[in-house]
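Novice: Next comes the structure file model09.txt, holding compact mmCIF, C-alpha atoms.
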```
# COMPACT_ATOMS: atom_id res chain seq x y z
CA MET A 1 109.32 73.10 96.41
CA ARG A 2 106.43 75.17 95.15
CA GLN A 3 105.14 73.92 91.84
CA LEU A 4 104.51 76.71 89.35
CA HIS A 5 101.59 76.10 87.03
CA VAL A 6 100.40 79.34 85.55
CA LYS A 7 103.90 80.06 84.24
CA ILE A 8 103.58 83.67 83.25
CA LYS A 9 106.65 84.42 81.15
CA ASN A 10 106.28 88.09 80.37
CA ILE A 11 103.84 90.77 79.32
CA ALA A 12 102.31 89.92 75.96
CA PHE A 13 100.98 93.45 75.54
CA VAL A 14 99.23 96.33 77.22
CA GLY A 15 95.98 97.07 75.43
CA ILE A 16 94.20 100.42 75.46
CA PRO A 17 90.59 100.49 74.26
CA VAL A 18 89.64 103.38 72.00
CA THR A 19 86.41 104.29 70.24
CA ASP A 20 87.75 106.15 67.23
CA LEU A 21 90.92 104.71 65.75
CA LYS A 22 91.68 107.62 63.50
CA ARG A 23 91.49 110.08 66.38
CA ALA A 24 93.45 107.70 68.62
CA ARG A 25 96.20 107.22 66.05
CA ALA A 26 96.52 110.99 65.69
CA PHE A 27 97.22 111.08 69.44
CA TYR A 28 99.48 108.03 69.84
CA GLU A 29 101.41 108.63 66.64
CA GLY A 30 101.01 112.34 65.97
CA VAL A 31 101.35 113.64 69.52
CA LEU A 32 103.28 110.93 71.40
CA GLY A 33 105.41 110.08 68.37
CA LEU A 34 104.93 106.30 68.48
CA LYS A 35 105.45 104.32 65.30
CA ALA A 36 103.03 101.52 64.44
CA SER A 37 104.86 98.19 64.33
CA ASP A 38 101.91 96.01 63.41
CA GLU A 39 98.32 96.30 62.31
CA MET A 40 95.83 93.47 62.80
CA GLY A 41 92.14 92.70 62.93
CA HIS A 42 91.48 94.58 59.69
CA GLY A 43 92.93 97.76 61.14
CA LYS A 44 91.05 97.56 64.46
CA TRP A 45 94.18 96.68 66.42
CA ILE A 46 97.37 98.72 66.13
CA GLU A 47 100.58 97.73 67.93
CA TYR A 48 103.48 99.92 68.92
CA ALA A 49 106.67 98.12 69.92
CA ILE A 50 108.39 100.11 72.69
CA GLY A 51 111.64 98.44 73.73
CA ASP A 52 110.70 94.92 74.79
CA GLY A 53 107.11 95.95 75.47
CA THR A 54 104.15 96.21 73.16
CA LEU A 55 101.53 98.89 73.55
CA ALA A 56 98.38 98.26 71.55
CA ILE A 57 95.27 100.30 70.88
CA GLY A 58 92.14 98.52 69.83
CA SER A 59 88.61 99.38 68.88
CA VAL A 60 86.55 96.24 69.31
CA GLY A 61 83.15 97.55 70.38
CA ASP A 62 81.14 97.57 73.58
CA GLN A 63 82.77 94.59 75.23
CA TRP A 64 85.90 96.64 75.83
CA LYS A 65 85.38 100.28 76.70
CA PRO A 66 87.77 103.09 77.61
CA SER A 67 87.95 104.26 81.23
CA SER A 68 89.52 107.10 83.12
CA ASP A 69 90.01 104.73 86.09
CA GLY A 70 91.89 101.47 86.37
CA THR A 71 95.10 100.25 84.84
CA SER A 72 97.46 102.81 83.28
CA VAL A 73 100.63 102.53 81.33
CA ALA A 74 103.64 104.73 82.13
CA ILE A 75 105.91 105.65 79.26
CA GLU A 76 109.48 106.74 79.69
CA MET A 77 110.36 110.07 78.08
CA GLU A 78 113.62 111.25 76.61
CA ASN A 79 113.15 114.77 77.95
CA PHE A 80 110.40 115.37 80.50
CA GLU A 81 110.11 119.16 80.14
CA GLU A 82 109.96 119.00 76.34
CA ALA A 83 107.35 116.27 76.45
CA ILE A 84 105.17 118.27 78.85
CA GLN A 85 105.48 121.39 76.70
CA ARG A 86 104.54 119.49 73.57
CA LEU A 87 101.52 117.92 75.27
CA ARG A 88 100.38 121.35 76.47
CA ASP A 89 100.89 122.85 72.99
CA ARG A 90 98.63 120.13 71.62
CA GLN A 91 96.01 120.88 74.33
CA VAL A 92 96.18 117.38 75.75
CA PRO A 93 94.23 117.29 79.05
CA PHE A 94 96.26 116.74 82.22
CA ALA A 95 94.68 114.60 84.96
CA ALA A 96 97.68 115.27 87.19
CA GLU A 97 100.05 118.18 86.69
CA PRO A 98 103.76 117.40 86.64
CA PHE A 99 105.12 116.39 90.04
CA GLU A 100 108.33 115.04 91.41
CA SER A 101 109.07 111.99 93.51
CA PRO A 102 112.50 111.30 95.03
CA CYS A 103 113.35 109.14 92.01
CA CYS A 104 111.32 110.46 89.07
CA HIS A 105 109.18 113.09 87.39
CA MET A 106 105.61 112.21 86.46
CA ALA A 107 102.45 113.69 85.03
CA VAL A 108 99.19 112.06 83.98
CA VAL A 109 97.51 112.91 80.70
CA GLN A 110 94.41 111.55 79.01
CA ASP A 111 94.07 110.20 75.49
CA PRO A 112 91.07 111.35 73.40
CA ASP A 113 88.94 108.59 75.03
CA GLY A 114 89.91 109.62 78.55
CA ASN A 115 92.29 106.70 79.22
CA LYS A 116 95.08 107.88 81.48
CA ILE A 117 98.70 107.70 80.38
CA ILE A 118 101.55 108.38 82.80
CA ILE A 119 104.35 110.52 81.40
CA HIS A 120 107.43 109.40 83.28
CA LYS A 121 111.10 110.26 83.53
CA LEU A 122 113.48 108.56 85.92
CA LYS A 123 116.01 110.93 87.47
CA PRO A 124 119.65 110.41 86.54
CA GLU A 125 121.57 108.22 89.02
CA ASP A 126 123.43 111.17 90.60
CA GLU A 127 120.19 113.06 91.39
CA LYS A 128 118.14 110.06 92.34
CA GLU A 129 117.11 109.21 95.86
CA PRO A 130 115.47 105.93 96.82
CA CYS A 131 111.78 105.73 96.05
CA PRO A 132 109.68 105.79 99.24
CA MET B 1 111.75 113.74 66.95
CA PRO B 2 109.99 111.05 68.95
CA MET B 3 109.18 112.06 72.49
CA ILE B 4 109.40 108.61 73.93
CA THR B 5 112.50 106.65 74.72
CA ASN B 6 112.55 103.02 73.94
CA GLU B 7 110.83 101.98 77.10
CA VAL B 8 107.52 101.32 78.81
CA ALA B 9 108.34 102.62 82.29
CA PHE B 10 105.72 100.50 84.05
CA ILE B 11 102.12 99.40 83.98
CA ALA B 12 100.09 100.40 86.99
CA ILE B 13 97.09 98.41 88.20
CA ALA B 14 94.75 100.04 90.72
CA VAL B 15 93.43 97.87 93.55
CA SER B 16 91.32 98.65 96.59
CA ASP B 17 92.61 96.10 99.10
CA LYS B 18 96.36 95.60 99.16
CA GLU B 19 96.31 92.28 101.04
CA ARG B 20 93.66 90.72 98.82
CA ALA B 21 95.60 91.95 95.77
CA ARG B 22 98.88 90.61 97.16
CA LYS B 23 97.35 87.16 97.54
CA PHE B 24 95.89 87.26 94.05
CA TYR B 25 98.95 88.49 92.18
CA GLN B 26 101.45 86.44 94.21
CA GLU B 27 99.55 83.25 94.97
CA THR B 28 96.94 82.89 92.23
CA LEU B 29 99.05 84.33 89.39
CA GLU B 30 102.38 83.26 90.96
CA LEU B 31 104.14 86.55 90.27
CA LYS B 32 107.23 87.26 92.36
CA PRO B 33 107.45 90.72 93.91
CA THR B 34 110.65 92.63 93.17
CA THR B 35 109.87 95.72 95.28
CA THR B 36 107.36 96.36 98.02
CA ALA B 37 106.97 100.01 98.95
CA MET B 38 104.68 102.16 101.08
CA ASP B 39 103.81 99.35 103.47
CA GLY B 40 102.56 97.14 100.66
CA ALA B 41 100.42 99.83 99.01
CA TRP B 42 102.74 99.65 95.98
CA VAL B 43 104.16 96.29 94.89
CA GLU B 44 106.25 95.85 91.76
CA TYR B 45 106.57 92.70 89.72
CA ASP B 46 109.23 92.55 86.99
CA LEU B 47 108.19 90.48 84.01
CA GLY B 48 110.89 90.38 81.41
CA ALA B 49 111.84 93.98 80.71
CA VAL B 50 108.50 95.39 81.86
CA THR B 51 107.42 96.19 85.42
CA ILE B 52 103.88 95.88 86.71
CA GLY B 53 103.02 97.96 89.76
CA VAL B 54 99.96 97.01 91.77
CA GLY B 55 98.94 99.97 93.87
CA SER B 56 96.30 100.98 96.34
CA HIS B 57 95.48 104.67 96.77
CA PRO B 58 92.10 106.29 97.54
CA ALA B 59 92.41 108.71 94.59
CA TRP B 60 93.04 105.96 92.09
CA LYS B 61 90.21 103.53 91.41
CA PRO B 62 90.05 100.13 89.75
CA SER B 63 87.87 99.81 86.65
CA ARG B 64 86.04 97.04 84.81
CA ASP B 65 86.81 98.91 81.58
CA GLY B 66 89.90 100.54 80.15
CA THR B 67 93.51 99.53 79.68
CA THR B 68 94.29 95.83 80.03
CA VAL B 69 97.43 93.80 80.56
CA ALA B 70 97.95 90.53 78.71
CA PHE B 71 100.29 87.97 80.26
CA GLU B 72 102.22 85.64 77.97
CA VAL B 73 102.05 82.05 79.24
CA GLU B 74 103.82 78.89 78.22
CA ASN B 75 100.70 76.78 77.88
CA ILE B 76 97.38 78.55 77.84
CA ASP B 77 95.26 75.45 78.54
CA ALA B 78 97.32 74.59 81.62
CA ALA B 79 97.23 78.21 82.81
CA ILE B 80 93.44 78.47 82.41
CA ALA B 81 92.89 75.13 84.17
CA LYS B 82 95.09 76.18 87.08
CA LEU B 83 93.42 79.59 87.42
CA LYS B 84 89.95 77.98 87.37
CA GLU B 85 91.03 75.50 90.02
CA ARG B 86 92.01 78.53 92.15
CA GLY B 87 88.54 80.02 91.78
CA VAL B 88 89.19 82.49 88.95
CA SER B 89 86.24 82.86 86.61
CA PHE B 90 86.69 83.79 82.98
CA ASP B 91 84.39 86.23 81.25
CA ILE B 92 85.80 85.46 77.83
CA GLU B 93 86.75 81.80 77.43
CA LYS B 94 89.72 80.79 75.32
CA ASN B 95 89.44 82.13 71.80
CA GLU B 96 91.70 81.95 68.82
CA THR B 97 93.01 84.61 66.46
CA PRO B 98 95.31 84.00 63.48
CA VAL B 99 98.35 84.76 65.70
CA CYS B 100 97.40 83.71 69.24
CA TRP B 101 95.03 82.25 71.81
CA MET B 102 93.55 84.43 74.55
CA ALA B 103 91.17 84.28 77.49
CA GLN B 104 89.99 87.06 79.74
CA PHE B 105 89.51 87.06 83.49
CA ARG B 106 89.44 89.64 86.29
CA ASP B 107 91.36 90.40 89.43
CA PRO B 108 89.41 90.70 92.73
CA ASP B 109 88.72 94.39 91.96
CA GLY B 110 87.28 93.61 88.53
CA ASN B 111 90.29 94.84 86.52
CA LYS B 112 90.47 92.90 83.27
CA LEU B 113 93.46 90.65 82.68
CA VAL B 114 94.26 88.41 79.75
CA VAL B 115 96.24 85.20 79.43
CA HIS B 116 97.79 85.01 76.01
CA GLN B 117 99.81 82.47 74.08
CA ARG B 118 101.42 83.42 70.83
CA LYS B 119 101.32 80.80 68.11
CA ARG B 120 104.67 79.49 66.96
CA LYS B 121 105.75 80.99 63.68
CA ASP B 122 106.49 77.71 61.89
```
Render the structure in this file as structure tokens.

Specialist:
Amino acid sequence: MRQLHVKIKNIAFVGIPVTDLKRARAFYEGVLGLKASDEMGHGKWIEYAIGDGTLAIGSVGDQWKPSSDGTSVAIEMENFEEAIQRLRDRQVPFAAEPFESPCCHMAVVQDPDGNKIIIHKLKPEDEKEPCP
Amino acid sequence: MPMITNEVAFIAIAVSDKERARKFYQETLELKPTTTAMDGAWVEYDLGAVTIGVGSHPAWKPSRDGTTVAFEVENIDAAIAKLKERGVSFDIEKNETPVCWMAQFRDPDGNKLVVHQRKRKD
């Protein structure tokens, strides 16, 4: 039997690096509607509990910089069309316009530091086809 | 009204070589794939309630900066020792905060990853 040693249990958090916390909070809280669940590191680390996951934004200096490439988090929306409209109203930049897969709707937006966030909505079971 | 339901849909990690990434995420990190799609160019790993998707697509590039995933482990010293034994190098060695221990390493594409152990609350 294979011996497991690293023993990853779950995701501790997804961390998004930002350069200006005030501006970032205006986006994550004001535009996306997230509610801060914890604040640490003398206000340089803000956590948002989303279901069983934790999304965090942090401003810790040059060792951790934003990027428009690399890892992205996808957040599940209540109503895809409304979310897209609200993001457009707030002039949030779209890196990918809304598109449809057999099982979901997605679009990619960028936070004020350029980090990409995937706006996601799974289709209801009766409209859903298997993902490719 | 909040726009977001109570759910992180998934976390997507961009890689350039699907076979090298498969070996790393499945053998080095010991994650078990739950879905393999598009001939291995998209592999999902369910961890608790959250899904990680490791994907390879020419329009989507890995990065040494940006968003980072932290994995919760049972024993951070054992996890770090095992990862080092498997050739993983750490660019931030184990450090302590009031609530946790953390160490930072990278996948073969340079994406940052963190092993994390929360301190017990007693």

Novice: Do me a favour and pick out the residues of chain A within 7 Å of chain B, using all atoms listed in the file, as number ranges by chain.

Specialist: A: 5-17, 32-34, 50-53, 64-67, 69-78, 83, 115, 120, 132

Novice: Mind giving me the straight-line distance from CA of Ile118 (chain A) to CA of Asp20 (chain A) in Å, one decimal?

Specialist: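 Interatomic distance, CA of Ile118 (chain A) to CA of Asp20 (chain A): 20.9 Å.
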
Novice: Between CA of Leu55 (chain A) and CA of Ala36 (chain A), measure the distance and give it in Å to one decimal.

Specialist: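 Taking CA of Leu55 (chain A) as the start and CA of Ala36 (chain A) as the end point, the length is 9.6 Å.
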
Novice: Separation of CA of Asp62 (chain A) and CA of Ala21 (chain B), in Å?

Specialist: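 Interatomic distance here is 27.1 Å.
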
Novice: Taking 3 positions as the minimum chain separation for residues in the same chain, which residues sit within 10 Å of Leu122 (chain A) when counting only C-alpha atoms? Answer as a list of chain:residue names.

Specialist: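 Result of the neighbour search: A:Glu76, A:Met77, A:Glu78, A:Phe80, A:Glu100, A:Ser101, A:Pro102, A:Cys103, A:Cys104, A:His105, A:Met106, A:Glu125, A:Glu127, A:Lys128, B:Ala9.
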
Novice: Just checking: using all atoms listed in the file, which residue out of A:Val31, A:Gly41, A:Leu21, A:Asp111 ends up closest to Arg86 (chain A)?

Specialist: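 Under the stated criterion, the closest residue is A:Val31.
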
Novice: With all atoms listed in the file as the counted atoms, please give the residues lying no more than 9 Å from region 84-91 of chain B, apart from itself and same-chain residues fewer than 5 positions off, as a ChimeraX atom specification.

Specialist: /B:28,79,103-107

Novice: Hey, can you pull every residue with an atom no more than 8 Å from (87.8, 112.6, 80.4), using only C-alpha atoms, and send it as a short mmCIF file (atom, residue, chain, number, x, y, z; two decimals) with C-alpha atoms, in the coordinates of the input?

Specialist:
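The result, stored in point.cif:
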```
data_model
loop_
_atom_site.label_atom_id
_atom_site.label_comp_id
_atom_site.auth_asym_id
_atom_site.auth_seq_id
_atom_site.Cartn_x
_atom_site.Cartn_y
_atom_site.Cartn_z
CA SER A 68 89.52 107.10 83.12
CA GLN A 110 94.41 111.55 79.01
CA PRO A 112 91.07 111.35 73.40
CA ASP A 113 88.94 108.59 75.03
CA GLY A 114 89.91 109.62 78.55
CA ASN A 115 92.29 106.70 79.22
#
```

Novice: Identify which of the residues B:Ser56, B:Pro108, B:Cys100, B:Asn95 lies closest to Tyr25 (chain B), counting all atoms listed in the file when measuring atom-to-atom distances.

Specialist: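 Residue with the minimum atom-to-atom distance to Tyr25 (chain B): B:Pro108.
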
Novice: Please return, as JSON, numbers by chain, all polymer residues that have at least one atom within 9 Å of the point (95.6, 115.3, 85.0); use all atoms listed in the file and the file's own coordinate frame.

Specialist: {"A": [93, 94, 95, 96, 97, 98, 107, 108, 109, 110, 116]}

Novice: Please write region 4-15 of chain A of the preceding block to a file containing all heavy atoms, as an mmCIF file, in the first residue's frame?

Specialist:
```cif
data_model
loop_
_atom_site.group_PDB
_atom_site.id
_atom_site.type_symbol
_atom_site.label_atom_id
_atom_site.label_comp_id
_atom_site.auth_asym_id
_atom_site.auth_seq_id
_atom_site.Cartn_x
_atom_site.Cartn_y
_atom_site.Cartn_z
ATOM 1 N N LEU A 4 1.169 7.503 2.468
ATOM 2 C CA LEU A 4 1.016 8.938 2.262
ATOM 3 C C LEU A 4 1.795 9.699 3.330
ATOM 4 O O LEU A 4 1.726 9.385 4.495
ATOM 5 C CB LEU A 4 -0.459 9.345 2.336
ATOM 6 C CG LEU A 4 -1.357 8.824 1.221
ATOM 7 C CD1 LEU A 4 -2.778 9.323 1.411
ATOM 8 C CD2 LEU A 4 -0.844 9.262 -0.139
ATOM 9 N N HIS A 5 2.536 10.697 2.897
ATOM 10 C CA HIS A 5 3.365 11.423 3.859
ATOM 11 C C HIS A 5 3.075 12.906 3.915
ATOM 12 O O HIS A 5 3.246 13.522 4.937
ATOM 13 C CB HIS A 5 4.846 11.245 3.511
ATOM 14 C CG HIS A 5 5.300 9.844 3.616
ATOM 15 N ND1 HIS A 5 5.588 9.263 4.818
ATOM 16 C CD2 HIS A 5 5.490 8.902 2.677
ATOM 17 C CE1 HIS A 5 5.956 8.009 4.613
ATOM 18 N NE2 HIS A 5 5.904 7.765 3.324
ATOM 19 N N VAL A 6 2.716 13.464 2.762
ATOM 20 C CA VAL A 6 2.517 14.914 2.765
ATOM 21 C C VAL A 6 1.195 15.236 3.467
ATOM 22 O O VAL A 6 1.066 16.213 4.175
ATOM 23 C CB VAL A 6 2.566 15.484 1.332
ATOM 24 C CG1 VAL A 6 2.367 16.987 1.346
ATOM 25 C CG2 VAL A 6 3.905 15.150 0.681
ATOM 26 N N LYS A 7 0.215 14.360 3.269
ATOM 27 C CA LYS A 7 -1.062 14.451 3.991
ATOM 28 C C LYS A 7 -1.727 15.816 3.874
ATOM 29 O O LYS A 7 -1.976 16.481 4.881
ATOM 30 C CB LYS A 7 -0.861 14.083 5.462
ATOM 31 C CG LYS A 7 -0.554 12.614 5.649
ATOM 32 C CD LYS A 7 -0.475 12.276 7.117
ATOM 33 C CE LYS A 7 -0.129 10.806 7.295
ATOM 34 N NZ LYS A 7 0.596 10.550 8.534
ATOM 35 N N ILE A 8 -1.992 16.210 2.654
ATOM 36 C CA ILE A 8 -2.751 17.443 2.456
ATOM 37 C C ILE A 8 -4.206 17.155 2.808
ATOM 38 O O ILE A 8 -4.793 16.218 2.288
ATOM 39 C CB ILE A 8 -2.615 17.927 1.000
ATOM 40 C CG1 ILE A 8 -1.169 18.364 0.754
ATOM 41 C CG2 ILE A 8 -3.598 19.065 0.716
ATOM 42 C CD1 ILE A 8 -0.858 18.710 -0.678
ATOM 43 N N LYS A 9 -4.747 17.952 3.715
ATOM 44 C CA LYS A 9 -6.117 17.697 4.185
ATOM 45 C C LYS A 9 -7.135 18.506 3.393
ATOM 46 O O LYS A 9 -8.179 18.017 3.024
ATOM 47 C CB LYS A 9 -6.248 18.074 5.665
ATOM 48 C CG LYS A 9 -5.390 17.209 6.552
ATOM 49 C CD LYS A 9 -5.785 17.369 8.010
ATOM 50 C CE LYS A 9 -5.502 18.785 8.512
ATOM 51 N NZ LYS A 9 -5.695 18.921 9.966
ATOM 52 N N ASN A 10 -6.848 19.765 3.218
ATOM 53 C CA ASN A 10 -7.748 20.618 2.447
ATOM 54 C C ASN A 10 -7.020 21.892 2.053
ATOM 55 O O ASN A 10 -5.809 21.984 2.213
ATOM 56 C CB ASN A 10 -9.049 20.904 3.210
ATOM 57 C CG ASN A 10 -8.795 21.389 4.622
ATOM 58 O OD1 ASN A 10 -7.841 22.131 4.854
ATOM 59 N ND2 ASN A 10 -9.616 20.975 5.555
ATOM 60 N N ILE A 11 -7.788 22.838 1.507
ATOM 61 C CA ILE A 11 -7.183 24.114 1.132
ATOM 62 C C ILE A 11 -7.243 25.030 2.348
ATOM 63 O O ILE A 11 -8.330 25.306 2.856
ATOM 64 C CB ILE A 11 -7.975 24.776 -0.018
ATOM 65 C CG1 ILE A 11 -8.139 23.828 -1.205
ATOM 66 C CG2 ILE A 11 -7.334 26.086 -0.442
ATOM 67 C CD1 ILE A 11 -6.918 23.654 -2.017
ATOM 68 N N ALA A 12 -6.100 25.493 2.795
ATOM 69 C CA ALA A 12 -6.086 26.415 3.939
ATOM 70 C C ALA A 12 -6.685 27.752 3.508
ATOM 71 O O ALA A 12 -7.539 28.310 4.169
ATOM 72 C CB ALA A 12 -4.672 26.588 4.462
ATOM 73 N N PHE A 13 -6.210 28.260 2.385
ATOM 74 C CA PHE A 13 -6.768 29.496 1.826
ATOM 75 C C PHE A 13 -6.253 29.695 0.416
ATOM 76 O O PHE A 13 -5.300 29.049 0.001
ATOM 77 C CB PHE A 13 -6.412 30.724 2.695
ATOM 78 C CG PHE A 13 -4.935 30.950 2.875
ATOM 79 C CD1 PHE A 13 -4.183 31.620 1.918
ATOM 80 C CD2 PHE A 13 -4.280 30.489 4.013
ATOM 81 C CE1 PHE A 13 -2.817 31.820 2.080
ATOM 82 C CE2 PHE A 13 -2.907 30.687 4.184
ATOM 83 C CZ PHE A 13 -2.182 31.349 3.205
ATOM 84 N N VAL A 14 -6.914 30.593 -0.300
ATOM 85 C CA VAL A 14 -6.388 31.091 -1.566
ATOM 86 C C VAL A 14 -6.013 32.534 -1.303
ATOM 87 O O VAL A 14 -6.840 33.317 -0.821
ATOM 88 C CB VAL A 14 -7.458 31.091 -2.672
ATOM 89 C CG1 VAL A 14 -6.838 31.467 -4.004
ATOM 90 C CG2 VAL A 14 -8.143 29.761 -2.755
ATOM 91 N N GLY A 15 -4.777 32.891 -1.569
ATOM 92 C CA GLY A 15 -4.315 34.241 -1.270
ATOM 93 C C GLY A 15 -4.099 35.044 -2.534
ATOM 94 O O GLY A 15 -3.501 34.564 -3.486
#
```
